file protein23.txt (compact mmCIF, C-alpha atoms and all ligand atoms)
# COMPACT_ATOMS: atom_id res chain seq x y z
CA MET A 1 -39.99 -76.79 14.15
CA ALA A 2 -43.08 -74.67 14.63
CA VAL A 3 -42.51 -70.92 14.86
CA ARG A 4 -44.82 -68.03 15.59
CA LEU A 5 -46.31 -66.49 12.49
CA GLN A 6 -44.83 -63.04 13.14
CA LYS A 7 -41.33 -64.54 13.41
CA TYR A 8 -41.92 -66.51 10.22
CA LEU A 9 -42.87 -63.29 8.40
CA ALA A 10 -39.88 -61.41 9.80
CA ASP A 11 -37.55 -64.27 8.77
CA ALA A 12 -39.13 -64.11 5.32
CA GLN A 13 -38.11 -60.41 5.21
CA VAL A 14 -41.75 -59.34 4.89
CA ALA A 15 -41.28 -56.72 7.61
CA SER A 16 -39.95 -56.32 11.14
CA ARG A 17 -41.57 -58.55 13.74
CA ARG A 18 -43.60 -55.62 15.14
CA ARG A 19 -44.82 -54.57 11.70
CA SER A 20 -45.54 -58.22 10.84
CA GLU A 21 -47.90 -58.33 13.83
CA GLU A 22 -49.83 -55.41 12.38
CA ILE A 23 -49.93 -57.09 8.98
CA ILE A 24 -51.35 -60.26 10.57
CA GLN A 25 -53.97 -58.31 12.54
CA SER A 26 -55.05 -56.47 9.42
CA GLY A 27 -56.09 -59.80 7.88
CA ARG A 28 -53.57 -59.88 5.03
CA VAL A 29 -52.02 -63.20 6.00
CA CYS A 30 -53.31 -66.70 5.18
CA VAL A 31 -51.97 -70.02 6.42
CA ASN A 32 -52.96 -72.94 4.20
CA GLY A 33 -55.64 -70.79 2.60
CA GLN A 34 -57.24 -69.60 5.88
CA THR A 35 -56.96 -65.96 6.92
CA VAL A 36 -55.19 -65.76 10.28
CA THR A 37 -55.39 -62.70 12.53
CA GLU A 38 -54.30 -64.41 15.79
CA LEU A 39 -50.77 -63.37 16.76
CA GLY A 40 -49.92 -66.56 18.60
CA THR A 41 -50.51 -68.80 15.59
CA LYS A 42 -47.73 -71.30 14.99
CA VAL A 43 -46.61 -72.39 11.55
CA ASP A 44 -44.84 -75.60 10.79
CA GLU A 45 -42.72 -76.85 7.93
CA GLY A 46 -44.94 -77.54 4.97
CA ASP A 47 -47.49 -74.85 5.86
CA VAL A 48 -48.17 -72.44 3.03
CA VAL A 49 -48.09 -68.83 4.18
CA THR A 50 -49.28 -65.98 1.96
CA VAL A 51 -49.29 -62.22 2.38
CA ASP A 52 -51.74 -60.40 0.12
CA GLY A 53 -52.08 -63.67 -1.76
CA LYS A 54 -48.33 -64.06 -2.41
CA GLU A 55 -46.43 -67.01 -0.94
CA VAL A 56 -43.55 -66.08 1.37
CA HIS A 57 -40.65 -68.21 2.60
CA PRO A 58 -38.00 -67.51 5.24
CA ALA A 59 -34.79 -66.47 3.49
CA ASP A 60 -32.34 -69.36 3.65
CA LYS A 61 -29.40 -67.31 2.54
CA LEU A 62 -28.17 -64.02 3.90
CA VAL A 63 -26.77 -61.60 1.36
CA TYR A 64 -24.72 -58.47 1.96
CA ILE A 65 -24.32 -55.92 -0.78
CA MET A 66 -22.37 -52.67 -1.16
CA LEU A 67 -23.89 -50.21 -3.63
CA ASN A 68 -22.38 -46.98 -4.91
CA LYS A 69 -25.65 -45.09 -4.84
CA PRO A 70 -26.05 -42.45 -7.52
CA GLU A 71 -27.74 -39.13 -6.76
CA GLY A 72 -31.43 -39.14 -7.64
CA TYR A 73 -32.34 -42.45 -5.98
CA VAL A 74 -34.23 -42.82 -2.71
CA SER A 75 -32.87 -45.24 -0.08
CA THR A 76 -36.14 -47.11 0.23
CA ALA A 77 -37.48 -50.35 -1.16
CA LYS A 78 -40.04 -48.60 -3.37
CA GLU A 79 -39.92 -45.44 -5.45
CA GLN A 80 -41.23 -42.29 -3.76
CA PHE A 81 -42.86 -39.29 -5.44
CA GLY A 82 -41.72 -40.56 -8.82
CA ARG A 83 -38.09 -40.87 -7.68
CA PRO A 84 -36.57 -44.29 -8.37
CA ALA A 85 -35.51 -46.49 -5.43
CA VAL A 86 -32.04 -47.94 -4.88
CA LEU A 87 -33.55 -51.42 -5.16
CA ASP A 88 -34.24 -50.69 -8.84
CA LEU A 89 -30.45 -50.89 -9.28
CA ILE A 90 -30.09 -54.31 -7.66
CA ASP A 91 -30.79 -57.59 -9.35
CA CYS A 92 -30.98 -60.04 -6.44
CA GLU A 93 -33.24 -63.04 -5.95
CA TYR A 94 -33.49 -62.24 -2.24
CA ARG A 95 -35.40 -59.30 -0.88
CA VAL A 96 -32.74 -56.99 0.53
CA TYR A 97 -33.20 -53.66 2.27
CA PRO A 98 -30.95 -50.62 2.66
CA VAL A 99 -29.06 -50.41 5.96
CA GLY A 100 -29.94 -46.88 7.02
CA ARG A 101 -30.23 -44.25 4.36
CA LEU A 102 -28.51 -41.70 2.21
CA ASP A 103 -30.37 -38.60 1.07
CA HIS A 104 -31.90 -38.55 -2.38
CA ASP A 105 -29.19 -36.08 -3.47
CA THR A 106 -26.27 -37.91 -1.78
CA SER A 107 -24.19 -40.54 -3.55
CA GLY A 108 -21.84 -43.25 -2.33
CA LEU A 109 -21.59 -46.23 -0.05
CA LEU A 110 -24.88 -47.84 0.89
CA LEU A 111 -25.15 -51.34 2.34
CA LEU A 112 -28.13 -53.58 1.59
CA THR A 113 -28.93 -56.89 3.21
CA ASN A 114 -31.67 -59.31 4.18
CA ASP A 115 -29.95 -59.81 7.56
CA GLY A 116 -32.44 -58.03 9.80
CA ALA A 117 -30.37 -58.53 12.95
CA LEU A 118 -27.32 -56.88 11.42
CA THR A 119 -29.39 -54.01 10.04
CA TYR A 120 -30.88 -53.43 13.47
CA LYS A 121 -27.43 -53.40 15.05
CA LEU A 122 -25.80 -51.13 12.49
CA THR A 123 -28.58 -48.57 12.51
CA HIS A 124 -29.03 -48.44 16.27
CA PRO A 125 -27.94 -45.01 17.58
CA LYS A 126 -25.84 -46.58 20.33
CA HIS A 127 -23.49 -48.06 17.70
CA ASN A 128 -21.13 -45.24 16.99
CA ILE A 129 -19.91 -46.34 13.61
CA ASP A 130 -17.81 -43.74 11.81
CA LYS A 131 -19.07 -42.70 8.41
CA THR A 132 -16.84 -40.66 6.15
CA TYR A 133 -18.05 -38.26 3.46
CA ILE A 134 -16.51 -36.14 0.77
CA ALA A 135 -18.39 -32.85 0.60
CA GLN A 136 -18.03 -30.03 -1.88
CA VAL A 137 -18.98 -26.82 -0.11
CA GLU A 138 -19.30 -23.16 -1.04
CA GLY A 139 -16.27 -21.05 -0.06
CA ILE A 140 -13.37 -21.96 2.21
CA PRO A 141 -14.07 -22.76 5.88
CA THR A 142 -11.87 -20.84 8.33
CA ALA A 143 -9.95 -22.49 11.17
CA ALA A 144 -12.55 -21.16 13.64
CA GLU A 145 -15.43 -22.61 11.61
CA MET A 146 -13.66 -25.98 11.35
CA LYS A 147 -13.14 -25.95 15.14
CA ARG A 148 -16.87 -25.31 15.72
CA PHE A 149 -17.69 -28.13 13.33
CA SER A 150 -15.37 -30.60 15.00
CA GLU A 151 -16.31 -29.71 18.57
CA GLY A 152 -20.07 -29.97 17.97
CA LEU A 153 -22.62 -27.39 16.97
CA GLU A 154 -26.35 -26.92 17.13
CA ILE A 155 -28.63 -28.13 14.37
CA ASP A 156 -32.40 -28.23 14.87
CA GLY A 157 -31.93 -27.72 18.62
CA TYR A 158 -29.57 -30.71 18.83
CA THR A 159 -25.86 -30.48 19.64
CA THR A 160 -23.80 -32.71 17.38
CA ALA A 161 -21.12 -35.02 18.76
CA PRO A 162 -17.45 -34.30 18.03
CA ALA A 163 -16.71 -34.83 14.33
CA LYS A 164 -13.69 -34.81 12.07
CA ILE A 165 -13.24 -32.31 9.27
CA ARG A 166 -10.27 -31.84 6.95
CA ILE A 167 -9.75 -29.68 3.88
CA VAL A 168 -8.75 -31.79 0.88
CA LYS A 169 -8.75 -29.02 -1.72
CA LYS A 170 -9.47 -25.29 -1.54
CA GLY A 171 -11.25 -23.28 -4.18
CA ARG A 172 -14.54 -21.53 -4.96
CA LEU A 173 -15.89 -24.93 -4.03
CA THR A 174 -13.83 -26.53 -1.28
CA THR A 175 -13.53 -30.29 -0.97
CA LEU A 176 -13.83 -31.51 2.61
CA GLU A 177 -13.41 -34.92 4.18
CA ILE A 178 -15.87 -35.25 7.06
CA THR A 179 -16.34 -38.09 9.53
CA ILE A 180 -19.36 -38.34 11.81
CA HIS A 181 -20.85 -41.27 13.68
CA GLU A 182 -24.37 -40.00 14.13
CA GLY A 183 -27.13 -40.22 11.57
CA LYS A 184 -29.49 -37.29 12.03
CA ASN A 185 -31.55 -36.24 9.05
CA ARG A 186 -29.32 -34.40 6.52
CA GLN A 187 -26.74 -34.05 9.26
CA VAL A 188 -23.64 -33.28 7.18
CA ARG A 189 -25.51 -30.77 5.05
CA LYS A 190 -26.94 -29.04 8.12
CA MET A 191 -23.58 -29.00 9.93
CA CYS A 192 -21.87 -27.42 6.92
CA ALA A 193 -24.67 -24.88 6.53
CA ALA A 194 -24.35 -24.06 10.25
CA ILE A 195 -20.75 -22.89 9.68
CA GLY A 196 -21.85 -20.92 6.62
CA HIS A 197 -20.79 -23.30 3.84
CA GLU A 198 -23.64 -24.85 1.88
CA VAL A 199 -23.01 -28.36 0.54
CA ARG A 200 -23.08 -28.58 -3.23
CA SER A 201 -22.38 -32.32 -3.45
CA LEU A 202 -22.03 -35.11 -0.93
CA LYS A 203 -20.69 -38.62 -1.22
CA ARG A 204 -20.20 -41.29 1.46
CA ILE A 205 -16.88 -43.07 0.98
CA SER A 206 -16.75 -45.33 4.02
CA THR A 207 -18.71 -46.94 6.82
CA GLY A 208 -16.40 -48.13 9.56
CA ARG A 209 -13.58 -50.01 7.81
CA LEU A 210 -15.64 -50.67 4.69
CA THR A 211 -14.67 -48.38 1.83
CA LEU A 212 -16.19 -47.71 -1.55
CA GLY A 213 -12.83 -48.17 -3.29
CA GLY A 214 -13.17 -48.18 -7.05
CA LEU A 215 -16.81 -49.27 -7.15
CA GLU A 216 -18.44 -47.31 -9.97
CA LYS A 217 -21.47 -45.13 -9.37
CA GLY A 218 -24.62 -47.22 -9.85
CA SER A 219 -22.67 -50.50 -9.45
CA TYR A 220 -22.76 -52.93 -6.57
CA ARG A 221 -20.88 -55.93 -5.28
CA LEU A 222 -21.27 -58.61 -2.64
CA LEU A 223 -19.31 -57.98 0.55
CA THR A 224 -16.40 -60.33 1.17
CA GLU A 225 -16.56 -62.82 4.03
CA ASP A 226 -14.05 -60.69 5.93
CA GLU A 227 -16.18 -57.59 5.50
CA VAL A 228 -19.28 -59.40 6.75
CA ALA A 229 -17.35 -60.84 9.70
CA TYR A 230 -16.07 -57.34 10.51
CA LEU A 231 -19.58 -55.84 10.46
CA LYS A 232 -20.74 -58.53 12.86
CA THR A 233 -18.02 -57.55 15.34
CA LEU A 234 -19.27 -53.96 15.53
N1 LIG B 301 -25.55 -36.42 5.91
C1 LIG B 301 -26.33 -35.81 5.01
O1 LIG B 301 -26.54 -34.60 5.08
N2 LIG B 301 -26.87 -36.55 4.03
C2 LIG B 301 -26.66 -37.87 3.88
O2 LIG B 301 -27.18 -38.49 2.96
C3 LIG B 301 -25.83 -38.50 4.83
C4 LIG B 301 -25.29 -37.76 5.84

call {"tool": "encode", "arguments": {"input": "protein23.txt", "output": "C-alpha cells", "more": "lines below"}}
Ligand code: URA
result
Amino acid sequence: MAVRLQKYLADAQVASRRRSEEIIQSGRVCVNGQTVTELGTKVDEGDVVTVDGKEVHPADKLVYIMLNKPEGYVSTAKEQFGRPAVLDLIDCEYRVYPVGRLDHDTSGLLLLTNDGALTYKLTHPKHNIDKTYIAQVEGIPTAAEMKRFSEGLEIDGYTTAPAKIRIVKKGRLTTLEITIHEGKNRQVRKMCAAIGHEVRSLKRISTGRLTLGGLEKGSYRLLTEDEVAYLKTL
C-alpha cells in the first residue's frame, strides 16, 4: 500500500512526521535514486528510500527497553559536548529512542523504544504518570519544608503540582523518596533546592507501575509483555 513519504520516514524511525517533512524539503531524501522534495510524494512497496544516502526501512518490530542509566550519560541519541549518550549502552538492531529524559547527572529508570506513538503518549504533559526518585539531599528537611514541597512550590516562576515526599533515612545527607508526575527541567533538584536542601544524588526508581528492581546500573532489559500492555493503557 502506498504511503506518504513523511509517514514512511516516521515509521522508519528517522524522525517525527513533522521533522521528516523538513528533512524531505531540505533535499536529503531520495526515492529510487531521485531526490524528492515534494511532501505529498507516495512510496510503494519495493521503492528504495534513502536519507543522506542511507537506505531506510519502516521498523517491522517494536522494541521496549528499560535501562538503568548511569550518571554521566546524556538521554539523547547522540553524544553531546563529549558526554556519551545512553544509546552507546544499548546493543539493539532497531533504532530506539529514550522516552523523555533524565539529567546527565541523574541515574535510574529510563525507557527506550522505537514505538513513536507510545513515546508521544508517555511524554505528553497531560499524562500524569507518577515518577518516583530516591534523592540524597544536604541536611534534614523539616516538617514545614516537606509540607511546602508536597503542596507545591515555585520554581522558575512555575508552581509545581502536589508531590509526595518521604524521609527514608536521616543524616548529614538525608535520603528522600519523592514522587512527582510532571517533568520540568531539573524539577526534583530545583524543588529540593527551593526548600533549602541541595540534591547530591538522584536516581529514578519507577515510572508508573514499572520499577527498576534489581537491574544493575548500566544494564538494560526488554520489557515484559505485561509491562508493555500496561504502558499502553496509560
Ligand atoms: N528531576 C530532576 O531534577 N532531574 C531528573 O533527571 C529527573 C527529574

call {"tool": "closest_residue", "arguments": {"input": "protein23.txt", "among": "A:Asp91, A:Asp156, A:Asp52, A:Asp11", "to": "Ser219 of chain A", "atoms": "all atoms listed in the file"}}
result
A:Asp91

call {"tool": "closest_residue", "arguments": {"input": "protein23.txt", "among": "A:Glu93, A:Glu21, A:Glu71, A:Glu225", "to": "Ser201 of chain A", "atoms": "all atoms listed in the file"}}
result
A:Glu71

call {"tool": "closest_residue", "arguments": {"input": "protein23.txt", "among": "A:Val86, A:Ile165, A:Leu5, A:Ile155", "to": "Gly40 of chain A", "atoms": "all atoms listed in the file"}}
result
A:Leu5

call {"tool": "residues_near_ligand", "arguments": {"input": "protein23.txt", "ligand": "ligand LIG 301 (chain B)", "cutoff": "12 Å", "atoms": "all atoms listed in the file", "output": "JSON, numbers by chain"}}
result
{"A": [69, 70, 71, 72, 73, 74, 75, 100, 101, 102, 103, 104, 105, 106, 107, 108, 109, 110, 130, 131, 132, 133, 134, 135, 136, 155, 178, 179, 180, 181, 182, 183, 184, 185, 186, 187, 188, 189, 190, 191, 192, 193, 194, 198, 199, 200, 201, 202, 203, 204, 205, 206, 207]}

call {"tool": "atom_distance", "arguments": {"input": "protein23.txt", "atom1": "atom CA of Leu212 of chain A", "atom2": "atom CA of Leu67 of chain A"}}
result
8.4 Å

call {"tool": "residues_around", "arguments": {"input": "protein23.txt", "residues": "Arg221 of chain A", "least_positions_apart": "3", "cutoff": "10 Å", "atoms": "only C-alpha atoms", "output": "PyMOL selection string"}}
result
chain A and resi 64-68+90+111+215+224

call {"tool": "closest_residue", "arguments": {"input": "protein23.txt", "among": "A:Arg17, A:Leu231, A:Ile23, A:Ala161", "to": "Val99 of chain A", "atoms": "all atoms listed in the file"}}
result
A:Leu231

call {"tool": "residues_around", "arguments": {"input": "protein23.txt", "residues": "Ala15 of chain A", "least_positions_apart": "5", "cutoff": "12 Å", "atoms": "all atoms listed in the file", "output": "JSON, numbers by chain"}}
result
{"A": [6, 7, 8, 9, 10, 20, 21, 22, 23, 24, 51, 56, 58, 77, 95, 96, 97, 114, 115, 116]}

call {"tool": "atom_distance", "arguments": {"input": "protein23.txt", "atom1": "atom CA of Pro162 of chain A", "atom2": "atom CA of Asn128 of chain A"}}
result
11.6 Å

call {"tool": "residues_near_point", "arguments": {"input": "protein23.txt", "point": "(-12.8, -24.6, 3.4)", "cutoff": "7 Å", "atoms": "all atoms listed in the file", "output": "number ranges by chain"}}
result
A: 139-142, 167, 170, 174

call {"tool": "atom_distance", "arguments": {"input": "protein23.txt", "atom1": "atom CA of Arg19 of chain A", "atom2": "atom CA of Leu39 of chain A"}}
result
11.8 Å

call {"tool": "closest_residue", "arguments": {"input": "protein23.txt", "among": "A:Leu153, A:Gly208, A:Val36, A:Gly218", "to": "Leu122 of chain A", "atoms": "only C-alpha atoms"}}
result
A:Gly208

call {"tool": "residues_around", "arguments": {"input": "protein23.txt", "residues": "Glu55 of chain A", "least_positions_apart": "2", "cutoff": "12 Å", "atoms": "only C-alpha atoms", "output": "list in words"}}
result
Leu9, Ala12, Val14, Arg28, Val29, Cys30, Val31, Asn32, Gly33, Asp47, Val48, Val49, Thr50, Val51, Asp52, Gly53, His57 and Pro58 of chain A

call {"tool": "closest_residue", "arguments": {"input": "protein23.txt", "among": "A:Arg18, A:Val137, A:Asp44, A:Ala117", "to": "Gly171 of chain A", "atoms": "only C-alpha atoms"}}
result
A:Val137
